[in-house]
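A.B. asks: I have a structure I would like to understand better, so I am pasting it below and will then ask my questions one at a time.
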Amino acid sequence: MNAEPDWITTPITADLLRGALDLERTERGLLPHRLPPGARRQIPDDQLAMAESQPSGVRLVLRTRATAVELDVLATKRVYPGAPARPDGVYELLVDGRVAGRAGVTEGDTLTVDLASGSAECRPGPVRTVRFTGLARKEKDVEIWLPHDETTRLVALRTDAPVAPRPDDGSRIWLHHGSSISHGSSAAGPTGTWPAVAASLGGVELINMGFAGSALLDPFTARAIRDTPADLISVKIGINVVNADVMRLRAFGPAVHGFLDTIREGHPTAPLLVVSPLHCAIHEDTPGPSAPDLGAMSEGRLRFVALGDPDETAAGKLTLTVIRSELARIVRERATADPYLHYLDGLDLYGEPDHAELPLPDALHPDPAAHRRIGERFARFAFGAEGAFVAEIH
């Protein structure tokens, strides 16, 4: 019979976390945020408030000789009546950079969201424990990546040996902003989101500011990027602007310029990569908004449809084809005075041939295999020998 370890409880502090911009102390645990307090005060809807509290890319990073680690957490489980049940969030353990374990919790607070009305109700639930054992008793770097799409409060950290923050190894910080695809929707786990895949291949520290449904060129998001230390920055723009149907062509161009201008106030010479939308058949030539397909939901499937009229593009409504053209033009013109600004066509990451091979299961979000392909391609385009994140300015 194995004896219970002699546990050491270590306070969870910001220096043990990577990928979070704020750590809020609540009555039921510490809540990592991916937007700072000033930005959160300006959030206009529950969708972004929920998305930024989901810790995509956020991880505990420790140096320790521990053979066992326990993390008490309070997860928020989402329920969408009429839609398929969501899988439990995944906690992934990395030891010296390699995935060494996966775990989850089945209980926590329950947030029930009505997709038709947008109303939500939260029912409190219990704290549960994530446990990893069998680690080698040697000094090592241990990371626990939190679920990318499940709001998680951190309650307690226990190990059977002392822990310390991992020393800075000089890795560059890559800050990426985008939509639910960047957030990691439909990825198999937190290290399987395409930005996490790309960051691992590129040897950089990731700050993921991908917000499901909420990459809408909000000024407070641009200011958060401006004020966050980063060596490399990318912004993936377009799909949410279309599927939320929030602006027309006349407003889109100036909004992009303003977003980039604000980022440049804080990062005047950082490599800045603008990424246009991936292929998405329902919105290539059809404007938004998009909405859940009620017929599919009646069959227990989640699928999205575009509700716009292609003829409305003549009046300035946006499609992905229009946005790619506009983004390429904006970057081309700005780059004459900004040699650190670059453009990447999203179709080079996931195009129509990829859709034929790895179709979007719900018509909007890539599956785990497509996430990996997108991440690998981004790493090649951004971190490769001729990539935007390595090119020297002469």
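Naming works like this for the structure tokens: A, B, ... for the chains as they're shown, residue 1 at the start of each chain, ligands 1 onward in shown order.
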List every residue of stretch 182-364 of chain A that DSSP, applied to the backbone of this structure, assigns to strand (DSSP E), and report them as a list in words.

C.D. replies: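 Strand (DSSP E) assignments inside stretch 182-364 of chain A correspond to Glu205, Leu206, Ile207, Asn208, Met209, Gly210, Leu232, Ile233, Ser234, Val235, Lys236, Leu272, Leu273, Val274, Val275, Ser290, Ala291, Pro292, Phe304, Val305, Ala306, Leu341, His342, Tyr343 and Leu344 of chain A.
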
A.B. asks: Write out as an MDAnalysis selection string which residues come within 10 Å of stretch 368-384 of chain A when counting only C-alpha atoms, dropping same-chain ones fewer than 6 positions away.

C.D. replies: chainID A and resid 181:182 184:189 191:204 232 234 271 273 275 278 342 344 346 348:350 354:355 357:360 390:391

A.B. asks: Set the distance at 9 Å and use only C-alpha atoms: which residues neighbour A:Ala363 once local chain neighbours fewer than 6 positions away are removed? I'd like the list as a list in words.

C.D. replies: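 Using only C-alpha atoms, the neighbours found are Cys280, Ala281, Ile282, Arg303, Phe304 and Val305 of chain A.
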
A.B. asks: Could you turn the residues from that selection into a file that holds N, CA, C and O atoms, as an mmCIF file, in the first residue's frame?

C.D. replies:
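Saved to again-v9.cif:
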data_model
loop_
_atom_site.group_PDB
_atom_site.id
_atom_site.type_symbol
_atom_site.label_atom_id
_atom_site.label_comp_id
_atom_site.auth_asym_id
_atom_site.auth_seq_id
_atom_site.Cartn_x
_atom_site.Cartn_y
_atom_site.Cartn_z
ATOM 1 N N CYS A 280 -13.596 29.475 -44.892
ATOM 2 C CA CYS A 280 -14.847 29.109 -44.213
ATOM 3 C C CYS A 280 -15.948 29.221 -45.254
ATOM 4 O O CYS A 280 -16.374 30.327 -45.610
ATOM 5 N N ALA A 281 -16.392 28.083 -45.770
ATOM 6 C CA ALA A 281 -17.255 28.064 -46.949
ATOM 7 C C ALA A 281 -18.521 28.889 -46.778
ATOM 8 O O ALA A 281 -18.967 29.554 -47.718
ATOM 9 N N ILE A 282 -19.104 28.868 -45.588
ATOM 10 C CA ILE A 282 -20.393 29.549 -45.438
ATOM 11 C C ILE A 282 -20.265 31.063 -45.524
ATOM 12 O O ILE A 282 -21.260 31.759 -45.780
ATOM 13 N N ARG A 303 -24.194 22.952 -35.742
ATOM 14 C CA ARG A 303 -23.704 23.405 -37.030
ATOM 15 C C ARG A 303 -24.189 24.837 -37.244
ATOM 16 O O ARG A 303 -25.262 25.216 -36.773
ATOM 17 N N PHE A 304 -23.383 25.625 -37.919
ATOM 18 C CA PHE A 304 -23.724 27.024 -38.144
ATOM 19 C C PHE A 304 -24.055 27.268 -39.608
ATOM 20 O O PHE A 304 -23.561 26.578 -40.507
ATOM 21 N N VAL A 305 -24.914 28.271 -39.825
ATOM 22 C CA VAL A 305 -25.290 28.674 -41.180
ATOM 23 C C VAL A 305 -25.153 30.187 -41.290
ATOM 24 O O VAL A 305 -25.254 30.913 -40.285
#

A.B. asks: Taking only C-alpha atoms into account, which of A:Arg59, A:Arg131, A:Arg86, A:Lys236 comes nearest A:Pro147?

C.D. replies: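 Selected residue with least distance to A:Pro147: A:Arg59.
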
A.B. asks: Taking only stretch 71-215 of chain A into account, list the residues labelled alpha helix (DSSP H) by DSSP (computed from the backbone), as number ranges by chain.

C.D. replies: A: 180-183, 194-202

A.B. asks: Next, write the just-selected residues to a file, as an mmCIF file, in the first residue's frame, keeping N, CA and C atoms as the atom set.

C.D. replies:
data_model
loop_
_atom_site.group_PDB
_atom_site.id
_atom_site.type_symbol
_atom_site.label_atom_id
_atom_site.label_comp_id
_atom_site.auth_asym_id
_atom_site.auth_seq_id
_atom_site.Cartn_x
_atom_site.Cartn_y
_atom_site.Cartn_z
ATOM 1 N N SER A 180 -12.401 32.591 -32.145
ATOM 2 C CA SER A 180 -12.551 31.302 -31.466
ATOM 3 C C SER A 180 -11.583 30.260 -31.998
ATOM 4 N N ILE A 181 -11.191 30.365 -33.268
ATOM 5 C CA ILE A 181 -10.241 29.399 -33.817
ATOM 6 C C ILE A 181 -8.897 29.572 -33.117
ATOM 7 N N SER A 182 -8.468 30.821 -32.912
ATOM 8 C CA SER A 182 -7.244 31.079 -32.154
ATOM 9 C C SER A 182 -7.417 30.712 -30.692
ATOM 10 N N HIS A 183 -8.602 30.948 -30.151
ATOM 11 C CA HIS A 183 -8.922 30.573 -28.767
ATOM 12 C C HIS A 183 -8.744 29.063 -28.580
ATOM 13 N N TRP A 194 -4.091 25.653 -32.188
ATOM 14 C CA TRP A 194 -3.045 25.923 -33.186
ATOM 15 C C TRP A 194 -2.003 26.937 -32.686
ATOM 16 N N PRO A 195 -2.362 27.986 -31.891
ATOM 17 C CA PRO A 195 -1.285 28.850 -31.393
ATOM 18 C C PRO A 195 -0.319 28.121 -30.464
ATOM 19 N N ALA A 196 -0.821 27.189 -29.648
ATOM 20 C CA ALA A 196 0.082 26.431 -28.766
ATOM 21 C C ALA A 196 1.013 25.543 -29.580
ATOM 22 N N VAL A 197 0.486 24.930 -30.636
ATOM 23 C CA VAL A 197 1.321 24.111 -31.509
ATOM 24 C C VAL A 197 2.414 24.967 -32.141
ATOM 25 N N ALA A 198 2.032 26.127 -32.667
ATOM 26 C CA ALA A 198 3.001 27.013 -33.321
ATOM 27 C C ALA A 198 4.035 27.530 -32.336
ATOM 28 N N ALA A 199 3.602 27.879 -31.116
ATOM 29 C CA ALA A 199 4.534 28.395 -30.114
ATOM 30 C C ALA A 199 5.564 27.348 -29.737
ATOM 31 N N SER A 200 5.126 26.094 -29.601
ATOM 32 C CA SER A 200 6.056 25.024 -29.268
ATOM 33 C C SER A 200 7.088 24.844 -30.374
ATOM 34 N N LEU A 201 6.640 24.840 -31.619
ATOM 35 C CA LEU A 201 7.560 24.669 -32.740
ATOM 36 C C LEU A 201 8.487 25.869 -32.897
ATOM 37 N N GLY A 202 7.988 27.053 -32.534
ATOM 38 C CA GLY A 202 8.790 28.262 -32.674
ATOM 39 C C GLY A 202 9.679 28.566 -31.490
#

A.B. asks: Just want the 7 Å neighbourhood of A:Gly104, counted on only C-alpha atoms, with same-chain residues fewer than 4 positions away dropped. Output as a list in words.

C.D. replies: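 Selected residues are Asp88, Gly89, Val90, Tyr91 and Val130 of chain A.
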
A.B. asks: Can you pull out the residues contacting stretch 61-65 of chain A? Cut-off 7 Å, using only C-alpha atoms, and skip same-chain residues under 6 positions away; I want them as a list of chain:residue names.

C.D. replies: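 Once the adjacent positions are removed, what remains is A:Leu16, A:Leu17, A:Arg18, A:Arg137, A:Lys138, A:Glu139, A:Lys140, A:Asp141, A:Val142, A:Glu143, A:Ile144, A:Ala161, A:Pro162, A:Val163, A:Ala164, A:Pro165, A:Arg166.
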
A.B. asks: Using only N, CA and C atoms, please write the residues we just selected to a file, as a short mmCIF file (atom, residue, chain, number, x, y, z; two decimals), in the first residue's frame.

C.D. replies:
data_model
loop_
_atom_site.label_atom_id
_atom_site.label_comp_id
_atom_site.auth_asym_id
_atom_site.auth_seq_id
_atom_site.Cartn_x
_atom_site.Cartn_y
_atom_site.Cartn_z
N LEU A 16 4.06 32.27 -10.83
CA LEU A 16 3.95 30.85 -11.19
C LEU A 16 3.10 30.64 -12.44
N LEU A 17 2.54 31.72 -12.98
CA LEU A 17 1.64 31.62 -14.13
C LEU A 17 2.26 32.26 -15.36
N ARG A 18 2.02 31.67 -16.52
CA ARG A 18 2.36 32.27 -17.81
C ARG A 18 1.08 32.34 -18.64
N ARG A 137 11.88 11.78 -9.66
CA ARG A 137 12.37 12.61 -8.55
C ARG A 137 13.70 13.23 -8.96
N LYS A 138 13.63 14.22 -9.77
CA LYS A 138 14.79 15.00 -10.20
C LYS A 138 14.30 16.42 -10.47
N GLU A 139 15.23 17.35 -10.49
CA GLU A 139 14.83 18.72 -10.80
C GLU A 139 14.37 18.80 -12.25
N LYS A 140 13.24 19.41 -12.45
CA LYS A 140 12.64 19.44 -13.78
C LYS A 140 11.70 20.64 -13.89
N ASP A 141 11.37 20.99 -15.10
CA ASP A 141 10.37 22.02 -15.35
C ASP A 141 9.02 21.35 -15.55
N VAL A 142 8.06 21.77 -14.76
CA VAL A 142 6.71 21.21 -14.82
C VAL A 142 5.74 22.31 -15.21
N GLU A 143 4.90 22.02 -16.19
CA GLU A 143 3.85 22.95 -16.60
C GLU A 143 2.50 22.24 -16.51
N ILE A 144 1.51 22.94 -16.00
CA ILE A 144 0.13 22.47 -16.05
C ILE A 144 -0.66 23.46 -16.88
N ALA A 161 7.28 18.04 -2.95
CA ALA A 161 8.60 18.66 -2.83
C ALA A 161 8.42 20.15 -3.11
N PRO A 162 9.33 20.99 -2.63
CA PRO A 162 9.17 22.43 -2.84
C PRO A 162 9.15 22.78 -4.33
N VAL A 163 8.48 23.89 -4.63
CA VAL A 163 8.44 24.39 -6.01
C VAL A 163 8.95 25.83 -6.02
N ALA A 164 9.41 26.24 -7.18
CA ALA A 164 9.86 27.62 -7.39
C ALA A 164 9.45 28.03 -8.79
N PRO A 165 9.33 29.33 -9.06
CA PRO A 165 9.06 29.76 -10.43
C PRO A 165 10.19 29.31 -11.36
N ARG A 166 9.85 28.95 -12.57
CA ARG A 166 10.90 28.60 -13.53
C ARG A 166 11.65 29.87 -13.94
#

A.B. asks: Would you list the contacts of A:Pro310 as a PDB file with all heavy atoms, in the first residue's frame, taking every protein, DNA or RNA residue within 9 Å and counting only C-alpha atoms, but skipping same-chain residues closer than 4 positions in sequence?

C.D. replies:
ATOM      1  N   ASP A 285     -18.356  34.089 -49.559  1.00  0.00           N
ATOM      2  CA  ASP A 285     -19.031  35.081 -50.393  1.00  0.00           C
ATOM      3  C   ASP A 285     -20.415  35.440 -49.877  1.00  0.00           C
ATOM      4  O   ASP A 285     -21.183  36.101 -50.571  1.00  0.00           O
ATOM      5  CB  ASP A 285     -19.133  34.564 -51.837  1.00  0.00           C
ATOM      6  CG  ASP A 285     -17.755  34.315 -52.443  1.00  0.00           C
ATOM      7  OD1 ASP A 285     -16.974  35.283 -52.547  1.00  0.00           O
ATOM      8  OD2 ASP A 285     -17.463  33.148 -52.769  1.00  0.00           O
ATOM      9  N   THR A 286     -20.722  35.003 -48.657  1.00  0.00           N
ATOM     10  CA  THR A 286     -22.018  35.302 -48.046  1.00  0.00           C
ATOM     11  C   THR A 286     -21.790  36.054 -46.750  1.00  0.00           C
ATOM     12  O   THR A 286     -21.088  35.562 -45.859  1.00  0.00           O
ATOM     13  CB  THR A 286     -22.803  34.014 -47.755  1.00  0.00           C
ATOM     14  OG1 THR A 286     -22.985  33.287 -48.967  1.00  0.00           O
ATOM     15  CG2 THR A 286     -24.165  34.338 -47.140  1.00  0.00           C
ATOM     16  N   PRO A 287     -22.367  37.247 -46.613  1.00  0.00           N
ATOM     17  CA  PRO A 287     -22.175  38.013 -45.374  1.00  0.00           C
ATOM     18  C   PRO A 287     -22.849  37.338 -44.181  1.00  0.00           C
ATOM     19  O   PRO A 287     -23.627  36.392 -44.318  1.00  0.00           O
ATOM     20  CB  PRO A 287     -22.845  39.363 -45.681  1.00  0.00           C
ATOM     21  CG  PRO A 287     -23.060  39.393 -47.153  1.00  0.00           C
ATOM     22  CD  PRO A 287     -23.191  37.970 -47.592  1.00  0.00           C
ATOM     23  N   ALA A 314     -22.707  44.538 -52.311  1.00  0.00           N
ATOM     24  CA  ALA A 314     -22.683  45.777 -53.095  1.00  0.00           C
ATOM     25  C   ALA A 314     -22.952  46.993 -52.220  1.00  0.00           C
ATOM     26  O   ALA A 314     -22.522  48.110 -52.547  1.00  0.00           O
ATOM     27  CB  ALA A 314     -23.712  45.698 -54.228  1.00  0.00           C
ATOM     28  N   LYS A 317     -21.674  45.215 -47.151  1.00  0.00           N
ATOM     29  CA  LYS A 317     -21.601  44.122 -46.189  1.00  0.00           C
ATOM     30  C   LYS A 317     -20.365  43.278 -46.471  1.00  0.00           C
ATOM     31  O   LYS A 317     -19.931  43.134 -47.619  1.00  0.00           O
ATOM     32  CB  LYS A 317     -22.869  43.273 -46.207  1.00  0.00           C
ATOM     33  CG  LYS A 317     -24.084  43.987 -45.621  1.00  0.00           C
ATOM     34  CD  LYS A 317     -25.204  43.036 -45.260  1.00  0.00           C
ATOM     35  CE  LYS A 317     -24.909  42.262 -44.000  1.00  0.00           C
ATOM     36  NZ  LYS A 317     -26.087  41.510 -43.497  1.00  0.00           N
ATOM     37  N   THR A 319     -17.726  40.031 -46.471  1.00  0.00           N
ATOM     38  CA  THR A 319     -17.494  38.601 -46.581  1.00  0.00           C
ATOM     39  C   THR A 319     -16.010  38.356 -46.336  1.00  0.00           C
ATOM     40  O   THR A 319     -15.200  39.287 -46.295  1.00  0.00           O
ATOM     41  CB  THR A 319     -17.864  38.074 -47.979  1.00  0.00           C
ATOM     42  OG1 THR A 319     -16.954  38.637 -48.932  1.00  0.00           O
ATOM     43  CG2 THR A 319     -19.292  38.448 -48.346  1.00  0.00           C
TER      44      THR A 319
END

A.B. asks: For atom CA of A:Leu23 and atom CA of A:Val274, quote the distance in Å rounded to one decimal.

C.D. replies: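 Between atom CA of A:Leu23 and atom CA of A:Val274 the gap works out to 28.7 Å.
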
A.B. asks: Can you work out which one of A:Cys122, A:Ala244, A:Ile237, A:Leu111 has the shortest atom-to-atom distance to A:Ala291, counting only C-alpha atoms?

C.D. replies: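 Going through A:Cys122, A:Ala244, A:Ile237, A:Leu111 one by one, the smallest distance to A:Ala291 is for A:Ala244.
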